[in-house]
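The file model-v4.cif comes next; it holds mmCIF, C-alpha atoms.
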```
data_coords
loop_
_atom_site.label_atom_id
_atom_site.label_comp_id
_atom_site.auth_asym_id
_atom_site.auth_seq_id
_atom_site.Cartn_x
_atom_site.Cartn_y
_atom_site.Cartn_z
CA MET A 1 39.54 165.07 79.05
CA PRO A 2 36.79 165.27 81.68
CA PRO A 3 36.80 162.65 84.43
CA ILE A 4 34.80 159.45 84.15
CA VAL A 5 32.01 159.70 86.73
CA ILE A 6 30.72 156.51 88.35
CA GLY A 7 27.68 156.17 90.59
CA LEU A 8 26.80 153.18 92.77
CA VAL A 9 23.25 152.05 93.51
CA GLY A 10 21.70 149.02 95.17
CA GLY A 11 19.48 147.86 97.97
CA ILE A 12 20.18 148.91 101.55
CA ALA A 13 23.18 147.01 102.99
CA SER A 14 24.15 145.60 99.62
CA GLY A 15 27.80 146.43 100.29
CA LYS A 16 28.13 149.63 98.26
CA SER A 17 30.68 151.02 100.72
CA SER A 18 32.97 148.01 100.29
CA VAL A 19 32.66 148.29 96.50
CA ALA A 20 33.46 151.99 96.77
CA ARG A 21 36.65 151.18 98.67
CA MET A 22 37.65 148.70 95.97
CA LEU A 23 37.06 151.35 93.31
CA MET A 24 39.35 153.77 95.13
CA GLU A 25 42.03 151.07 95.33
CA GLU A 26 41.79 150.20 91.64
CA ARG A 27 41.85 153.71 90.15
CA THR A 28 42.98 157.24 90.96
CA MET A 29 39.58 158.53 91.91
CA LEU A 30 37.98 161.50 93.65
CA HIS A 31 35.37 160.38 96.19
CA LEU A 32 32.62 162.98 95.96
CA ASP A 33 30.40 162.47 99.01
CA ALA A 34 26.92 163.89 98.45
CA ASP A 35 26.17 163.60 102.18
CA GLU A 36 29.03 165.99 102.98
CA ILE A 37 27.82 168.35 100.27
CA ALA A 38 24.28 168.12 101.67
CA ARG A 39 25.50 169.04 105.16
CA GLU A 40 27.33 172.08 103.79
CA VAL A 41 24.33 173.15 101.71
CA SER A 42 21.82 172.72 104.55
CA ASN A 43 23.94 174.98 106.77
CA ARG A 44 23.75 177.88 104.34
CA PRO A 45 21.63 180.63 105.96
CA ARG A 46 18.98 180.74 103.21
CA ILE A 47 18.55 176.96 103.13
CA LYS A 48 18.56 176.70 106.92
CA ARG A 49 15.81 179.33 107.14
CA ALA A 50 13.70 177.41 104.62
CA ILE A 51 14.15 174.19 106.60
CA GLN A 52 13.28 175.96 109.86
CA GLU A 53 10.10 177.42 108.38
CA ARG A 54 8.93 174.01 107.18
CA PHE A 55 10.34 171.85 109.99
CA PRO A 56 10.75 174.13 113.05
CA GLN A 57 11.09 171.21 115.45
CA ALA A 58 14.21 170.02 113.60
CA VAL A 59 16.20 173.21 114.21
CA GLU A 60 17.67 173.74 117.67
CA ARG A 61 17.85 177.07 119.53
CA LYS A 62 21.35 177.90 118.33
CA GLY A 63 20.25 177.31 114.76
CA LYS A 64 21.81 173.88 114.41
CA ILE A 65 19.82 171.38 112.36
CA ASN A 66 19.07 168.20 114.27
CA ARG A 67 19.44 165.75 111.41
CA GLU A 68 18.08 162.84 113.40
CA LEU A 69 14.87 164.70 114.22
CA LEU A 70 14.60 165.89 110.63
CA ALA A 71 14.95 162.32 109.36
CA GLN A 72 12.30 161.15 111.82
CA ARG A 73 9.97 163.92 110.67
CA VAL A 74 10.09 162.96 107.00
CA PHE A 75 10.36 159.18 107.52
CA GLY A 76 7.14 157.60 106.29
CA ASP A 77 5.64 160.97 105.26
CA PRO A 78 5.91 161.37 101.46
CA GLY A 79 4.60 164.94 101.57
CA ALA A 80 7.15 166.09 104.13
CA LEU A 81 9.92 164.27 102.29
CA ALA A 82 8.95 165.97 99.03
CA ASP A 83 9.00 169.36 100.75
CA LEU A 84 12.49 168.73 102.15
CA GLU A 85 13.77 167.54 98.78
CA ALA A 86 12.37 170.63 97.07
CA ILE A 87 14.40 172.77 99.49
CA VAL A 88 17.72 170.95 99.39
CA HIS A 89 17.98 169.00 96.14
CA PRO A 90 18.44 171.91 93.67
CA PRO A 91 21.35 173.55 95.57
CA ILE A 92 22.91 170.17 96.28
CA ARG A 93 22.83 169.34 92.57
CA ARG A 94 24.44 172.69 91.70
CA ALA A 95 27.17 172.07 94.27
CA ILE A 96 27.83 168.59 92.85
CA VAL A 97 28.07 169.97 89.31
CA ASP A 98 30.53 172.64 90.49
CA ALA A 99 32.66 169.97 92.22
CA LEU A 100 32.67 167.80 89.10
CA GLN A 101 33.81 170.73 86.99
CA ARG A 102 36.70 171.38 89.38
CA ALA A 103 37.80 167.73 89.59
CA ASP A 104 41.40 167.05 88.49
CA GLU A 105 41.33 163.28 88.94
CA PRO A 106 40.70 161.00 85.93
CA TRP A 107 37.84 159.26 87.78
CA VAL A 108 35.12 160.45 90.16
CA LEU A 109 32.96 158.30 92.41
CA LEU A 110 29.71 160.17 93.01
CA ASP A 111 28.51 158.78 96.33
CA ALA A 112 24.85 159.75 96.78
CA PRO A 113 22.38 157.68 98.85
CA LEU A 114 19.44 158.41 96.52
CA LEU A 115 21.42 158.74 93.31
CA GLN A 116 18.65 157.71 90.92
CA GLU A 117 15.71 159.00 92.93
CA SER A 118 17.24 162.50 93.03
CA GLY A 119 18.21 162.50 89.35
CA ALA A 120 21.94 162.72 90.17
CA ASP A 121 22.51 159.60 88.04
CA GLN A 122 22.24 161.89 85.03
CA LEU A 123 25.60 163.38 86.07
CA CYS A 124 27.28 159.96 85.82
CA ASP A 125 28.94 158.30 82.84
CA ALA A 126 28.21 154.89 84.34
CA VAL A 127 25.82 153.75 87.06
CA VAL A 128 26.67 150.41 88.66
CA TYR A 129 24.04 148.35 90.44
CA VAL A 130 25.52 146.42 93.40
CA ALA A 131 23.50 143.22 93.63
CA CYS A 132 23.13 141.21 96.83
CA PRO A 133 20.36 138.79 97.95
CA VAL A 134 17.82 140.36 100.30
CA ARG A 135 18.47 137.73 102.97
CA ARG A 136 22.13 138.68 103.12
CA ARG A 137 21.35 142.39 103.08
CA ARG A 138 18.97 142.03 106.03
CA ALA A 139 21.59 140.04 107.93
CA ARG A 140 24.13 142.81 107.33
CA ALA A 141 21.64 145.45 108.49
CA ARG A 142 20.98 143.49 111.70
CA ARG A 143 24.69 143.05 112.35
CA ASP A 144 26.03 146.47 111.34
CA ARG A 145 23.09 148.81 112.01
CA GLY A 146 21.03 147.00 114.63
CA TRP A 147 17.95 147.06 112.40
CA THR A 148 15.17 144.53 112.55
CA ASP A 149 14.02 142.96 109.29
CA GLU A 150 10.89 145.09 109.55
CA GLU A 151 12.90 148.31 109.84
CA HIS A 152 15.05 147.30 106.88
CA ALA A 153 11.92 146.67 104.79
CA ALA A 154 10.33 149.96 105.89
CA ARG A 155 13.39 151.97 104.93
CA GLU A 156 13.72 150.22 101.58
CA ALA A 157 10.09 151.03 100.86
CA LEU A 158 11.05 154.72 100.80
CA GLN A 159 13.46 154.10 97.92
CA TRP A 160 13.06 152.77 94.42
CA SER A 161 12.71 149.01 94.28
CA CYS A 162 15.84 146.99 93.57
CA ARG A 163 14.27 145.86 90.30
CA ARG A 164 13.79 149.45 89.19
CA LYS A 165 17.28 150.49 90.28
CA ARG A 166 18.84 147.63 88.36
CA SER A 167 16.80 148.31 85.23
CA ARG A 168 17.99 151.94 85.18
CA ALA A 169 21.65 151.15 85.87
CA ASP A 170 24.28 150.64 83.16
CA TYR A 171 26.12 147.74 84.79
CA ALA A 172 25.45 145.12 87.45
CA LEU A 173 27.97 143.77 89.95
CA ASP A 174 27.28 140.67 92.05
CA ASN A 175 28.40 141.40 95.61
CA GLY A 176 26.72 138.44 97.25
CA GLY A 177 29.74 136.14 97.43
CA ASP A 178 33.48 136.17 97.92
CA PRO A 179 35.09 139.65 98.01
CA GLU A 180 37.81 138.57 95.59
CA ASP A 181 35.16 137.53 93.10
CA THR A 182 33.61 140.98 93.48
CA ARG A 183 37.01 142.55 92.82
CA ARG A 184 37.52 140.44 89.66
CA GLN A 185 34.14 141.56 88.37
CA LEU A 186 34.98 145.15 89.24
CA ARG A 187 38.23 145.12 87.30
CA LYS A 188 36.46 143.84 84.19
CA LEU A 189 33.70 146.40 84.67
CA LEU A 190 36.21 149.26 84.92
CA ALA A 191 37.88 148.12 81.72
CA ASP A 192 34.48 148.09 80.00
CA ILE A 193 33.71 151.58 81.27
CA GLU A 194 37.08 152.86 80.06
CA ARG A 195 36.44 151.47 76.58
CA ALA A 196 33.01 153.06 76.51
CA ALA A 197 34.45 156.40 77.67
CA ARG A 198 36.80 156.52 74.67
CA LYS A 199 33.85 156.55 72.30
CA PRO A 200 32.32 159.91 71.29
CA ARG A 201 29.72 160.92 73.85
CA LYS A 202 26.21 161.79 72.83
CA THR A 203 23.81 163.89 74.84
CA SER A 204 21.03 161.59 75.99
CA ASP A 205 18.43 161.17 78.67
CA ARG A 206 19.53 158.41 81.03
CA ALA A 207 15.89 157.49 81.65
CA SER A 208 15.51 156.41 78.02
CA ARG A 209 18.86 154.63 77.60
CA THR A 210 19.08 150.88 77.26
CA PRO A 211 21.08 149.54 80.24
CA ARG A 212 24.45 148.02 79.37
CA GLY A 213 26.41 145.27 81.00
CA LYS A 214 23.46 142.97 81.77
#
```
Please express what this file holds, its structure, as structure tokens.
Amino acid sequence: MPPIVIGLVGGIASGKSSVARMLMEERTMLHLDADEIAREVSNRPRIKRAIQERFPQAVERKGKINRELLAQRVFGDPGALADLEAIVHPPIRRAIVDALQRADEPWVLLDAPLLQESGADQLCDAVVYVACPVRRRRARARRDRGWTDEEHAAREALQWSCRRKRSRADYALDNGGDPEDTRRQLRKLLADIERAARKPRKTSDRASRTPRGK
């Protein structure tokens, strides 16, 4: 039986990392980190050349990609961001699919920062929206990342809105309160996902599916 693949989405600083840790504690689960895959893919000679041609200032003399400079270059520039995504997203997706096919664990957590925006949510059996009030998320970003409220808002503006993310997810998890309450919700959610996974799967377009668990 193929593994059950879960993806987490939510606003910036909603606590997705803490929910991910809980998932790993509750089930035998492979943590598939799309950031690590992206680093490996971007260091492939063909991909690195394409990045250097489009963003020469982001590649250092020894051929190392300066990820901070690259992020600064595309931040706030939709055209540049689209160009970068066109270079890296297809090979990243292929690498993720290969990793999923090799997975031996019964569960996989697909950890991708732009899961829905990149279309990687279509590789998941269940997408969970981690809900948290914006005031609390901004406080976390100030404390943990040193961001101002304005920087938090600017970075969120580059992603789908929380409303859109939630509407396209299958389940919602309230992470705005006590961690033990979050864990209780998570255990029930996992049981629901397991029951759904036992049913015959049908090929469908996630974009047209009615969200569950609301």
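We find atom CA of Val128 of chain A and atom CA of Leu173 of chain A to be spaced 6.9 Å apart.
Taking atom CA of Asp98 of chain A and atom CA of Gly11 of chain A as endpoints, the distance between them is 28.1 Å.
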Please identify all polymer residues within 9 Å of Asn43 of chain A, counting only C-alpha atoms, omitting same-chain residues fewer than 5 positions from it, and present them as a PyMOL selection string.
chain A and resi 38+48+64-65
Using only C-alpha atoms, please write the residues we just selected to a file, as a PDB file, in the coordinates of the input.
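As written to disk, result.pdb reads:
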```pdb
ATOM      1  CA  ALA A  38      24.280 168.120 101.670  1.00  0.00           C
ATOM      2  CA  LYS A  48      18.560 176.700 106.920  1.00  0.00           C
ATOM      3  CA  LYS A  64      21.810 173.880 114.410  1.00  0.00           C
ATOM      4  CA  ILE A  65      19.820 171.380 112.360  1.00  0.00           C
TER       5      ILE A  65
END
```
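Coordinates place atom CA of Asp121 of chain A at a distance of 24.9 Å from atom CA of Ala141 of chain A.
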Evaluate the PyMOL selection byres ((chain A and resi 189-198) around 9) against this structure - the residues, as a ChimeraX atom specification, please.
/A:4,23,26-27,125-126,171-173,184-188,199-201,213
Write out, as a PDB file, keeping the file's coordinate frame, the residues just selected, with C-alpha atoms.
```
ATOM      1  CA  ILE A   4      34.800 159.450  84.150  1.00  0.00           C
ATOM      2  CA  LEU A  23      37.060 151.350  93.310  1.00  0.00           C
ATOM      3  CA  GLU A  26      41.790 150.200  91.640  1.00  0.00           C
ATOM      4  CA  ARG A  27      41.850 153.710  90.150  1.00  0.00           C
ATOM      5  CA  ASP A 125      28.940 158.300  82.840  1.00  0.00           C
ATOM      6  CA  ALA A 126      28.210 154.890  84.340  1.00  0.00           C
ATOM      7  CA  TYR A 171      26.120 147.740  84.790  1.00  0.00           C
ATOM      8  CA  ALA A 172      25.450 145.120  87.450  1.00  0.00           C
ATOM      9  CA  LEU A 173      27.970 143.770  89.950  1.00  0.00           C
ATOM     10  CA  ARG A 184      37.520 140.440  89.660  1.00  0.00           C
ATOM     11  CA  GLN A 185      34.140 141.560  88.370  1.00  0.00           C
ATOM     12  CA  LEU A 186      34.980 145.150  89.240  1.00  0.00           C
ATOM     13  CA  ARG A 187      38.230 145.120  87.300  1.00  0.00           C
ATOM     14  CA  LYS A 188      36.460 143.840  84.190  1.00  0.00           C
ATOM     15  CA  LYS A 199      33.850 156.550  72.300  1.00  0.00           C
ATOM     16  CA  PRO A 200      32.320 159.910  71.290  1.00  0.00           C
ATOM     17  CA  ARG A 201      29.720 160.920  73.850  1.00  0.00           C
ATOM     18  CA  GLY A 213      26.410 145.270  81.000  1.00  0.00           C
TER      19      GLY A 213
END
```
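Counting only C-alpha atoms, the residue from A:Asp170, A:Ile37, A:Glu180, A:Gln57 that sits nearest to Val97 of chain A is A:Ile37.
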Box for segment 6-24 of chain A - axis-aligned, 4 Å on each of the six sides, all listed atoms - centre and size in Å to one decimal, as AutoDock Vina command-line options.
```
--center_x 29.4 --center_y 151.1 --center_z 95.7 --size_x 27.9 --size_y 18.9 --size_z 22.6
```
What residues have an atom no more than 9 Å from (14.2, 154.3, 94.2) in the file's own frame, counting all atoms listed in the file, and can you write them as a ChimeraX atom specification?
/A:114-118,156-162,164-165
Env of Leu30 of chain A: 9 Å cut, atoms = all atoms listed in the file, seq-sep filter 5 positions within chain, self excluded. Answer as a list of chain:residue names.
A:Met24, A:Ala103, A:Asp104, A:Glu105, A:Pro106, A:Trp107, A:Val108, A:Leu109, A:Leu110
So that I have them on file, write out the residues from the current selection with C-alpha atoms, as a PDB file, in the frame of the given file.
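part-v4.pdb, written as the output of this step:
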```pdb
ATOM      1  CA  MET A  24      39.350 153.770  95.130  1.00  0.00           C
ATOM      2  CA  ALA A 103      37.800 167.730  89.590  1.00  0.00           C
ATOM      3  CA  ASP A 104      41.400 167.050  88.490  1.00  0.00           C
ATOM      4  CA  GLU A 105      41.330 163.280  88.940  1.00  0.00           C
ATOM      5  CA  PRO A 106      40.700 161.000  85.930  1.00  0.00           C
ATOM      6  CA  TRP A 107      37.840 159.260  87.780  1.00  0.00           C
ATOM      7  CA  VAL A 108      35.120 160.450  90.160  1.00  0.00           C
ATOM      8  CA  LEU A 109      32.960 158.300  92.410  1.00  0.00           C
ATOM      9  CA  LEU A 110      29.710 160.170  93.010  1.00  0.00           C
TER      10      LEU A 110
END
```
Of the listed residues A:Thr28, A:Asn175, A:Ser18, A:Ser42, that which approaches Val88 of chain A most closely, counting all atoms listed in the file:
A:Ser42
Near Pro133 of chain A, counting only C-alpha atoms, which residues have an atom at most 12 Å away, once you skip same-chain residues fewer than 6 positions from it, shown as a VMD selection string?
chain A and resid 10 to 15 139 to 140 162 174 to 177
(26.9, 154.8, 92.2) in this file's frame - what residues fall within 6 Å of it? Use only C-alpha atoms and give the answer as a PyMOL selection string.
chain A and resi 6-9+111+127-128
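Here the PyMOL selection byres ((chain A and resi 68-74) around 12) catches exactly these residues: Ser42, Ile51, Gln52, Arg54, Phe55, Pro56, Gln57, Ala58, Val59, Glu60, Lys64, Ile65, Asn66, Arg67, Phe75, Gly76, Asp77, Pro78, Gly79, Ala80, Leu81, Ala82, Asp83, Leu84, Glu85, Arg155 and Leu158 of chain A.
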